[in-house]
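Q: Just passing along the structure, written as C-alpha cells.
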Amino acid sequence: EQLILPGDTDKNDKVNHFDLLNLGFGFQEDGPDRRQEMNTTMEEYGMPWSTATPSSNVNWSHLDCDGDGLIQITDQEVIDQNWFVEQAEGFIIPDNGLFPDIGIPLYVIGDSLVPGEINELSINLGTIDELANNIYGLAFTIRFEDIMVEESIQVVLDSNWLADNNSPFLSIARTDIKQNKFYISMVRTDLQNMDGFGTIGTLKFKVKESASTN
C-alpha cells in the first residue's frame, strides 16, 4: 500500500489547480478503491493501480481523489474541497505575455477599464502567428492589483477552443482576494492534444470607483 493525500494528484504534498491536470490522463478509468473511513480530507493508505501518468510516473491511485475506485468528476470536487491556497505557488504570466519555458503566448486583452463598472477581459492562448501546438491542458496564475478590483470577480471558462463537446472538459477557476490572484486550470479527457489559438476564458470584475486606469 501507499500513502495518498486526497486531491494531491502530482504527489508534491500540495493540493491546488495543478492537480486537475493529471485527472485528464486517467478520466473514467478504474482500479482498487480505498474507502476505509469515507474521509477525503486526511491522508490514507491505498493499493497501487496498474497504471501511472506519463513523464511524472505518478500512480493513478493518486488520481482517484475520493477513493471510490473510479477517476471522475467527483475527484475534481475533492481538489476543490482540500485546496490550500496559501501553498499554491503556480507560475505568473510575465510582462511579455509568454508562457514560461515553452514560449506560447498567454495573455489577457480587452477594452479600456471603466471604474465603477463590470469589465471583461479575455484570456488568450496562442496567436495566428504563434499557434499553441499539442496542448492537452494547462494551469496558471494571474495576479491583479488590489487597489483596482472589487470583490465581484468571476472567471468564465466555457468559451474555450481547447474544449471538445464530444468528451468531458475539466476546469477550475478560483479567486483569492487576499493574495490578489486568479487560479485557473483546464484539461481535456480524451487523450487528444489540440492545436490552435484564441480565447480560453474570460475575466469579469468590477473596477473600484477610486481606481486610476491610466
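A note on labels: chains of the C-alpha cells are A, B, ... as shown, every chain counts residues from 1, and ligands are counted from 1 in their shown order.
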At a cut-off of 6 Å, can you tabulate as CSV every residue of region 105-144 of chain A near region 196-200 of chain A together with its closest atom pair and the distance in Å to one decimal, using only C-alpha atoms and ordering rows by chain then number?

A:
residue,atom,partner,partner_atom,distance
A:Ile123,CA,A:Thr199,CA,5.6
A:Asn124,CA,A:Thr199,CA,4.3
A:Leu125,CA,A:Phe197,CA,5.6
A:Gly126,CA,A:Phe197,CA,4.3
A:Thr127,CA,A:Phe197,CA,5.1
A:Leu131,CA,A:Gly196,CA,5.5
A:Ala132,CA,A:Gly196,CA,5.4

Q: What does the distance between CA of Glu117 (chain A) and CA of Met148 (chain A) come to in Å, to one decimal place?

A: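 Atom-to-atom, CA of Glu117 (chain A) to CA of Met148 (chain A), that is 11.4 Å.
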
Q: Taking the DSSP secondary structure from the backbone, can you list the residues of region 104-201 of chain A that are strand (DSSP E), as a PyMOL selection string?

A: chain A and resi 106-109+118-125+132-135+137-143+149-156+170-176+181-187+194-196+198-201

Q: Between A:Lys11, A:Phe84, A:Pro115, A:Glu209, which residue has the minimum interatomic distance to Cys65 (chain A), considering only C-alpha atoms?

A: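 Using only C-alpha atoms, Cys65 (chain A) sits closest to A:Lys11.
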
Q: Out of A:Leu3, A:Gly24, A:Ile172, A:Val58, which residue has the shortest atom-to-atom distance to Ile184 (chain A) when counting only C-alpha atoms?

A: A:Ile172

Q: Go through A:Asp30, A:Glu145, A:Asp66, A:Asp75 one by one, measure the shortest atom-to-atom distance of each to Glu44 (chain A) using only C-alpha atoms, and give the residue with the smallest value.

A: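 Counting only C-alpha atoms, the residue closest to Glu44 (chain A) is A:Asp66.
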
Q: Determine, counting only C-alpha atoms, which protein, DNA and RNA residues have an atom within 12 Å of an atom of region 53-57 of chain A; residues of the same chain fewer than 3 positions away are not included. Present the result as a ChimeraX atom specification.

A: /A:9-12,21-27,49-50,60-63,191

Q: Counting only C-alpha atoms, which of A:Tyr136, A:Phe205, A:Phe144, A:Trp161 gets nearest to Asn193 (chain A)?

A: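 Ranked by minimum distance to Asn193 (chain A), first place goes to A:Tyr136.
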
Q: Give me, please, the distance in Å between CA of Asp13 (chain A) and CA of Gly46 (chain A), quoted to one decimal.

A: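 For CA of Asp13 (chain A) relative to CA of Gly46 (chain A), the distance reads 16.3 Å.
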
Q: Contacts of Arg188 (chain A) at 8 Å or less, counting only C-alpha atoms, minus same-chain residues fewer than 3 places along, as a tab-separated table (two decimals) with N, CA and C atoms, in the first residue's frame?

A:
chain	number	residue	atom	x	y	z
A	24	GLY	N	-7.01	14.46	-16.28
A	24	GLY	CA	-7.28	14.31	-17.71
A	24	GLY	C	-6.67	13.08	-18.33
A	136	TYR	N	-2.82	19.85	-24.24
A	136	TYR	CA	-3.82	18.96	-23.64
A	136	TYR	C	-4.46	19.60	-22.41
A	137	GLY	N	-3.70	20.40	-21.71
A	137	GLY	CA	-4.20	21.10	-20.55
A	137	GLY	C	-3.18	22.11	-20.08
A	162	LEU	N	-9.93	24.92	-26.46
A	162	LEU	CA	-9.37	23.64	-26.02
A	162	LEU	C	-10.45	22.59	-25.75
A	163	ALA	N	-11.65	23.04	-25.48
A	163	ALA	CA	-12.72	22.12	-25.11
A	163	ALA	C	-13.23	21.35	-26.33
A	164	ASP	N	-13.77	20.17	-26.07
A	164	ASP	CA	-14.35	19.31	-27.10
A	164	ASP	C	-15.72	18.87	-26.59
A	167	SER	N	-16.47	15.13	-25.46
A	167	SER	CA	-15.90	14.49	-24.27
A	167	SER	C	-15.85	15.51	-23.14
A	168	PRO	N	-15.86	15.04	-21.88
A	168	PRO	CA	-15.84	15.98	-20.75
A	168	PRO	C	-14.59	16.86	-20.76
A	169	PHE	N	-14.75	18.09	-20.33
A	169	PHE	CA	-13.66	19.05	-20.23
A	169	PHE	C	-13.63	19.53	-18.79
A	170	LEU	N	-12.51	19.35	-18.11
A	170	LEU	CA	-12.39	19.69	-16.70
A	170	LEU	C	-11.76	21.07	-16.55
A	191	LEU	N	-7.47	12.25	-24.33
A	191	LEU	CA	-6.10	11.89	-24.70
A	191	LEU	C	-5.72	12.39	-26.09
A	192	GLN	N	-6.38	13.45	-26.57
A	192	GLN	CA	-6.07	14.05	-27.86
A	192	GLN	C	-5.60	15.48	-27.66

Q: As number ranges by chain, list the residues of region 11-212 of chain A assigned to alpha helix (DSSP H) by DSSP on the backbone atoms of this structure.

A: A: 19-26, 73-81

Q: Would you mind listing what lies within 8 Å of Gly116 (chain A) as a PyMOL selection string, with only C-alpha atoms counted and same-chain residues fewer than 3 positions away left out?

A: chain A and resi 206-209

Q: Got a sec: who's within 10 Å of Asp80 (chain A), counting only C-alpha atoms, leaving out chain neighbours fewer than 5 positions off, as a list in words?

A: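 That gives Gly7, Val15, Asn16, His17, Leu20, Thr74, Asp75, Ile172, Ala173 and Arg174 of chain A.
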
Q: So how far away is CA of Pro6 (chain A) from CA of Arg35 (chain A), in Å?

A: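 Taking CA of Arg35 (chain A) and CA of Pro6 (chain A), their separation equals 11.6 Å.
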
Q: Which residue gives the smallest distance to Asn134 (chain A) among A:Ile104, A:Leu70, A:Ile109, A:Val78, with only C-alpha atoms counted?

A: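 For Asn134 (chain A), the nearest of the given residues is A:Ile104.
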
Q: Using only C-alpha atoms, find the one residue out of A:Thr202, A:Ser171, A:Asn119, A:Ser210 that sits nearest to Val155 (chain A).

A: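 When distances to Val155 (chain A) are compared using only C-alpha atoms, the smallest one comes from A:Thr202.
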
Q: May I have the residues within 8 Å of Gln154 (chain A) as a PDB file with N, CA, C and O atoms, in the first residue's frame, using only C-alpha atoms and disregarding those fewer than 6 positions away in the same chain?

A:
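See around.pdb below for the written result:
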ATOM      1  N   THR A 175     -10.654  32.454  -7.215  1.00  0.00           N
ATOM      2  CA  THR A 175     -10.113  33.786  -6.957  1.00  0.00           C
ATOM      3  C   THR A 175      -9.719  33.890  -5.498  1.00  0.00           C
ATOM      4  O   THR A 175     -10.473  33.492  -4.614  1.00  0.00           O
ATOM      5  N   LEU A 203     -12.298  36.970 -17.887  1.00  0.00           N
ATOM      6  CA  LEU A 203     -12.300  37.537 -16.538  1.00  0.00           C
ATOM      7  C   LEU A 203     -13.368  38.620 -16.478  1.00  0.00           C
ATOM      8  O   LEU A 203     -13.411  39.512 -17.333  1.00  0.00           O
ATOM      9  N   LYS A 204     -14.255  38.545 -15.474  1.00  0.00           N
ATOM     10  CA  LYS A 204     -15.268  39.562 -15.266  1.00  0.00           C
ATOM     11  C   LYS A 204     -15.107  40.120 -13.858  1.00  0.00           C
ATOM     12  O   LYS A 204     -15.104  39.354 -12.893  1.00  0.00           O
ATOM     13  N   PHE A 205     -14.963  41.426 -13.742  1.00  0.00           N
ATOM     14  CA  PHE A 205     -14.745  42.014 -12.428  1.00  0.00           C
ATOM     15  C   PHE A 205     -15.156  43.481 -12.434  1.00  0.00           C
ATOM     16  O   PHE A 205     -15.191  44.128 -13.484  1.00  0.00           O
TER      17      PHE A 205
END
